[in-house]
Amino acid sequence: MISRPIRFEQQFLRLMTRLRNLTVADIRLTLLASFWPTIRPMLDNRTYDSHIEEYLGAFIDQCRGDNLDDLRIAELEDIHGILASLMPIGERLFCADEIRRAIEGIGIEWARKLCYIGRTESGVRLLERTLNQADEGNSGAISELPDGIDELDGLRLIDEMRSDRTDPASHYIRSILSDWELLREGVSHSDAACLFVEKHGDGTITRGRMRLLRAVAEYQQARATSHEVTFEHQIRSPDDPFVGSIYEALLAVRQVLSGPGFKRNRGEYIHSHFQIVHSDHQFTGDSIGLAAALVTFVQLLSTEVLRHERGIASCAVFTGSIDGDGKISAVNEDSLQFKVERAFCSPAKFMVLPRENLVTAHAYLEKLNREYPRRRLHLIAVERLDEVVADRNVLRSEKVCAGQYVIRKAGSYSRLGRIQIPLMIALLYILVCLVYPKVWIGFDWNPESLNLNETHDKALVYNENGSLLWQLPLDCGPVKDIAYDFFDLNGDGRKELMFLRTVDEAVPCSTSAQLKVYDPDGNFMWSRQCNLVALYPGDSAADQYYIGARLFTANTALGPIIVTDVAQSYPGRAHIKIWSADGELMGRYVHAGHPRAYFAWDSDGDGIEELFVIAINNPFEAMGVFSLPLKGCLGVSPPYEAPGLDLSWVKRGNQLHYVVLPTSDVTQADTIPYNTAVSFGIIGGGGFHVDIIESFSGSSWRSFCFDSTFRVTRVRLSDNFWTQRKKYVEGGFLPPLERHDYIQMVHESVLYWADSGWVSEKDLQAADNSIITSR
Amino acid sequence: MHPTHHELRMFCTGVLKAEVARRMDDHIRDCGFCAEFCEEYRNLVQAIDRVDISACNDAAVLIADDLYREAIRGRLVSLLPFRREESGQPALLAADGVSEVPPRLENIATFFSEDPEMILRLMRDTRRRVDYVQLVSDDPAAVSHVLVEAPEARLSILTDEFGRGNLDRPYDADLSTQHWQIKMPDVEFTLSPFDYHPDRIEYAEDVILETSRKDKVAIRFEGRTAGQHISVRVLELHGTADFGPIRVAVSQQGKSLISSASGSDSLYFDLDGADESIQIRLFRD
């Protein structure tokens, strides 16, 4: 016991110095574990607390995920035991929770390894113990595993048999299982699991290690003269066998890929970048060659359209050196047992090794299998690289569902040149179409709408989607307005444009009343003058100014028709002309006022439509409804006597019907100059109705129902209209009347034109002795 | 020039570096005095090693402990820095990014004394952001309630029952280059609960404590509304009332209070009132 504190301090400082110098985390852990017998006697002497806390801190810091991968089961057990012994001290040093977490981490890793080697029951019990769980129901399921079951199925079975699948142990069991199954089914295009041994300066080997070799490889440009290799991890020296074996691997890969069946078999040089994942080690040795060759080969398969989905099975681990001809050479037999042991304690299913090492490896494996009979590790012995790449256990496509398979295959074939070039052209075409839509093969060239440009001297014609098709210069511009329509005049499925301009009256223009027609591509078809000369007062010259008021088109029994309406005031009149599709004049008529709406409707049932017009009759200052024959209409509308106008000389029109709907007393009380038609509709029995707005209020209307002979059969008033009138009555502006009497009065005020002159409804009723009903 | 006795003992114990030990060995071959000292020291060590402590009865062990404590009473133990092994890692040219997480507990420096054998560790607790000293000894009683001092830094720390004392300095102050020493108590009194019966004191009561070496202190217990208090007045040390400046440490239930006094000053300490013994230690300056 002499000099114990000083001697202990020396040992402790030496330990800490070594820990600082070590770069490999799991070796730090084993070093700390090896110090346990030295520090253990000090636990009872609290003056050593600072040592114990320092030791404990270092221990806990190392107990993390990847640090535990290469530790043996016995080492994990030791560490677990040490941490458990430190638990009471942890309470004193306020780090009990950290120790508990470290114990949990170690316990889970230990349990995972037990499951890998087929000690499934022990692994699961350990998990339950580590997670402080003692569930009798679940534990009972452990002892019933059948003989002959393999390590993975054992865990699957236990997972299925557990009654409580929500407890923490079940969660970890499923986590281990899913990781394991993923590894068994997965493939990688950049990683290969390699087996290493840890070799010390004196040549002793202490443990096997498994690391992922990751590579990114590509063909170099044609002017390259040699292969190129780069590393992301430490190598001992540039001329180390490690580097040499990688170059040999690239030579071997190049040879395989230059063979028949590969697209790029021109013997190009390769550039490959390697990294050993999660490792602070310095690497040496040549047994990496096989893995390096495989991962490079798989990387370069990405250019092989029909093979590119093949990857390295994640459940395979590799060892073996390789020469430039692709021959796999033996590895050191002394290190082989460590590699077999490391592969054995992993989730790997296949260990790929040189054929020369098979006997020795098999002997080690048998020895391990005697102790752990449930573990099934398969040895795959190979002599050449082409043998390895042909083995479907090692190099295979990922197992996927049918849908995914179809999509991947489609993806593969889409990379073929004969598909890609047309695809590229199509994509390019689509791109051009996005920039310039008119090149699109299905572009809609049919004109649908028209706008004036900003300076009102051009008409811009658009399709339904608002794409500009073409534009027309307008003579006598800038125009004030334009009345236009698109209508298929020739039945070719495409619409022609026709329009009437309203030019500025101050601009001298002899063609202000001109109809112009263009084909769908903007080509001029024909034009016609729409005004009538010397038929009505005020129309004295052919080049007078007129407003292009309305344009109406319709398909009729006589073919498509165009109705033009050019107008002028003082006196107010509209020149109505009916044109055939090719511009032939079918009829002409002057109306003493301005039309509001046109319809083509066969009101008399003779199979040919009549032109049905609702218009303001200016001399009456009231709405009129009249109809004209499509072909051959002529003359001037009634009245033929008006204050201030000499109409005695005008030619009377041949309208089929003309009815005047006098303005209501409400309209007059509102001081509105005209009432206005707002809607027209067909009603049963061949009749129709016309609704007339009579006040500023839009919902104040009167509705007149007509029979097919244009006789008003019924009058209706909106409630608002009647309310409005009642207000005027209350104000003393209008005489009081019952609603029924008022309706009767309105009905009786309707005027019909007869050859002999105007006839009121009252006169007709008196003649017919008909009865008016009101609502 | 002869090596010191301390160096010779270090040589015999085998803790010297190889090169120093070789030079020392060369000297001892030629120097009869030093060779004789080493031989005697080795004999002593072997004799002590041969002693089977477990064979001693409890009374003998207690006597041995008392003798030892008596021997080190009032001693000022000077400490030497403990040489660390170099890490041997080459310096790196680092494009330093995020700083590494420091270890939760860091040993800043270590000092030692061979006789009595003690280790002083300057520790840094990075999580609690506190520096502290830890005295280590195989006999925890030897390092409990002693003064750890760094005179140049005017630092004096009273250790707790387990040899630990927090540094009364800002966190991460560099104290590793200071000269450190340990001051053992000159006089030690223990008042057990039986002696002072804290619950029974309803008003002030005086007690005189005296050691066999004629150290005498007057203790006064006072029960006040605010709690219980103790006042300590040193009357004599080694039979003399002229003992100069002195520090008095009162410890109870792991808590310690220390105050300086001289002459017949009375020092007042608040007590927790718990039914625990009270230790009173006197340190002569």
# chains A, B, ... in the order shown; residues from 1 in each chain; ligands from 1
>>> interface_residues(of="chain A", to="chain B", cutoff="6 Å", atoms="only C-alpha atoms", output="CSV table (one decimal) with N, CA and C atoms, in the first residue's frame")
chain,number,residue,atom,x,y,z
A,17,THR,N,-3.6,10.6,-20.8
A,17,THR,CA,-2.8,11.0,-21.9
A,17,THR,C,-3.0,10.0,-23.1
A,46,ARG,N,-13.7,8.6,-0.8
A,46,ARG,CA,-14.3,9.8,-1.5
A,46,ARG,C,-13.3,10.8,-1.9
A,47,THR,N,-12.1,10.8,-1.4
A,47,THR,CA,-11.1,11.7,-1.8
A,47,THR,C,-10.7,11.4,-3.3
A,54,GLU,N,-13.9,12.0,-13.5
A,54,GLU,CA,-13.2,12.2,-14.7
A,54,GLU,C,-13.3,10.9,-15.6
>>> residues_around(residues="range 251-260 of chain A", least_positions_apart="3", cutoff="12 Å", atoms="only C-alpha atoms", output="VMD selection string")
chain A and resid 217 to 220 226 to 229 244 to 248 263 to 272 289 to 301 303 to 304 307 321 to 328 384 to 390
>>> residues_around(residues="Tyr55 in chain A", least_positions_apart="2", cutoff="10 Å", atoms="only C-alpha atoms", output="list in words")
Phe12, Leu15, Met16, Leu32, Ala33, Phe35, Trp36, Ile39, Asp49, Ser50, His51, Ile52, Glu53, Gly57, Ala58, Phe59 and Ile60 of chain A; Leu105 of chain B
>>> atom_distance(atom1="CA of Asp240 in chain A", atom2="CA of Leu336 in chain A")
20.6 Å
>>> residues_around(residues="Asn531 in chain A", least_positions_apart="5", cutoff="8 Å", atoms="only C-alpha atoms", output="ChimeraX atom specification")
/A:513-514,542,546,566,575
>>> residues_around(residues="Ala241 in chain B", least_positions_apart="6", cutoff="10 Å", atoms="only C-alpha atoms", output="PyMOL selection string")
chain B and resi 215-216+234-235+263-264
>>> select_by_dssp(residues="range 635-681 of chain A", states="alpha helix (DSSP H)", output="list in words")
Asp665, Val666, Thr667, Gln668 and Ala669 of chain A
>>> write_last_selection(atoms="N, CA and C atoms", output="short mmCIF file (atom, residue, chain, number, x, y, z; two decimals), in the first residue's frame")
data_model
loop_
_atom_site.label_atom_id
_atom_site.label_comp_id
_atom_site.auth_asym_id
_atom_site.auth_seq_id
_atom_site.Cartn_x
_atom_site.Cartn_y
_atom_site.Cartn_z
N ASP A 665 -97.26 56.01 -66.58
CA ASP A 665 -97.32 57.29 -65.85
C ASP A 665 -96.19 57.38 -64.82
N VAL A 666 -95.72 56.25 -64.34
CA VAL A 666 -94.57 56.26 -63.39
C VAL A 666 -93.32 56.75 -64.12
N THR A 667 -93.11 56.29 -65.33
CA THR A 667 -91.96 56.73 -66.12
C THR A 667 -92.03 58.25 -66.33
N GLN A 668 -93.23 58.69 -66.62
CA GLN A 668 -93.39 60.14 -66.87
C GLN A 668 -93.14 60.93 -65.57
N ALA A 669 -93.65 60.37 -64.46
CA ALA A 669 -93.43 61.04 -63.18
C ALA A 669 -91.95 61.06 -62.82
#
>>> residues_around(residues="Val250 in chain B", least_positions_apart="3", cutoff="8 Å", atoms="only C-alpha atoms", output="list in words")
Ser256, Leu257, Ile258, Phe269, Ile278, Gln279, Ile280 and Arg281 of chain B
>>> select_by_dssp(residues="range 297-489 of chain A", states="strand (DSSP E or B)", output="number ranges by chain")
A: 310-313, 316-318, 321-322, 327-329, 350-354, 378-382, 384, 395-397, 449-452, 458-462, 468-473, 479-487
>>> residues_around(residues="Arg42 in chain B", least_positions_apart="5", cutoff="12 Å", atoms="only C-alpha atoms", output="list in words")
Leu8, Arg9, Met10, Phe11, Cys12, Thr13, Gly14, Ala35, Glu36, Phe37, Ala47, Ile48 and Asp49 of chain B
>>> closest_residue(among="B:Gly74, B:Pro3, B:Pro81, B:Gly165", to="Asp186 in chain B", atoms="only C-alpha atoms")
B:Gly74
>>> atom_distance(atom1="CA of Pro185 in chain B", atom2="CA of Ser78 in chain B")
14.7 Å
>>> atom_distance(atom1="CA of Ala549 in chain A", atom2="CA of Pro643 in chain A")
25.4 Å
>>> decode(residues="range 92-110 of chain A", atoms="N, CA and C atoms", output="CSV table (one decimal), in the first residue's frame")
chain,number,residue,atom,x,y,z
A,92,ARG,N,-24.3,10.0,-6.5
A,92,ARG,CA,-23.5,10.9,-5.7
A,92,ARG,C,-22.9,12.0,-6.5
A,93,LEU,N,-22.5,11.7,-7.7
A,93,LEU,CA,-21.8,12.7,-8.6
A,93,LEU,C,-22.8,13.4,-9.5
A,94,PHE,N,-24.1,13.2,-9.3
A,94,PHE,CA,-25.1,13.9,-10.1
A,94,PHE,C,-25.0,13.5,-11.6
A,95,CYS,N,-24.6,12.3,-11.9
A,95,CYS,CA,-24.6,11.9,-13.4
A,95,CYS,C,-25.3,10.6,-13.6
A,96,ALA,N,-26.3,10.3,-12.7
A,96,ALA,CA,-26.9,9.0,-12.7
A,96,ALA,C,-27.7,8.8,-14.0
A,97,ASP,N,-28.3,9.9,-14.5
A,97,ASP,CA,-29.1,9.8,-15.7
A,97,ASP,C,-28.2,9.5,-16.9
A,98,GLU,N,-27.1,10.1,-16.9
A,98,GLU,CA,-26.2,9.9,-18.1
A,98,GLU,C,-25.7,8.4,-18.0
A,99,ILE,N,-25.4,7.9,-16.9
A,99,ILE,CA,-24.9,6.5,-16.8
A,99,ILE,C,-26.1,5.6,-17.2
A,100,ARG,N,-27.3,6.0,-16.8
A,100,ARG,CA,-28.4,5.1,-17.2
A,100,ARG,C,-28.5,5.1,-18.7
A,101,ARG,N,-28.4,6.3,-19.3
A,101,ARG,CA,-28.5,6.3,-20.8
A,101,ARG,C,-27.4,5.5,-21.5
A,102,ALA,N,-26.2,5.6,-20.9
A,102,ALA,CA,-25.0,4.9,-21.5
A,102,ALA,C,-25.3,3.4,-21.3
A,103,ILE,N,-25.8,3.0,-20.2
A,103,ILE,CA,-26.1,1.5,-19.9
A,103,ILE,C,-27.1,1.1,-21.0
A,104,GLU,N,-28.1,1.9,-21.2
A,104,GLU,CA,-29.2,1.6,-22.2
A,104,GLU,C,-28.6,1.4,-23.6
A,105,GLY,N,-27.7,2.4,-23.9
A,105,GLY,CA,-27.1,2.3,-25.3
A,105,GLY,C,-26.2,1.0,-25.4
A,106,ILE,N,-25.4,0.7,-24.4
A,106,ILE,CA,-24.6,-0.5,-24.5
A,106,ILE,C,-25.5,-1.7,-24.5
A,107,GLY,N,-26.5,-1.7,-23.6
A,107,GLY,CA,-27.4,-2.9,-23.6
A,107,GLY,C,-28.1,-3.2,-24.9
A,108,ILE,N,-28.5,-2.1,-25.5
A,108,ILE,CA,-29.2,-2.3,-26.8
A,108,ILE,C,-28.2,-2.8,-27.9
A,109,GLU,N,-27.0,-2.3,-27.9
A,109,GLU,CA,-26.0,-2.8,-28.9
A,109,GLU,C,-25.7,-4.2,-28.6
A,110,TRP,N,-25.5,-4.5,-27.3
A,110,TRP,CA,-25.2,-5.9,-26.9
A,110,TRP,C,-26.3,-6.8,-27.3
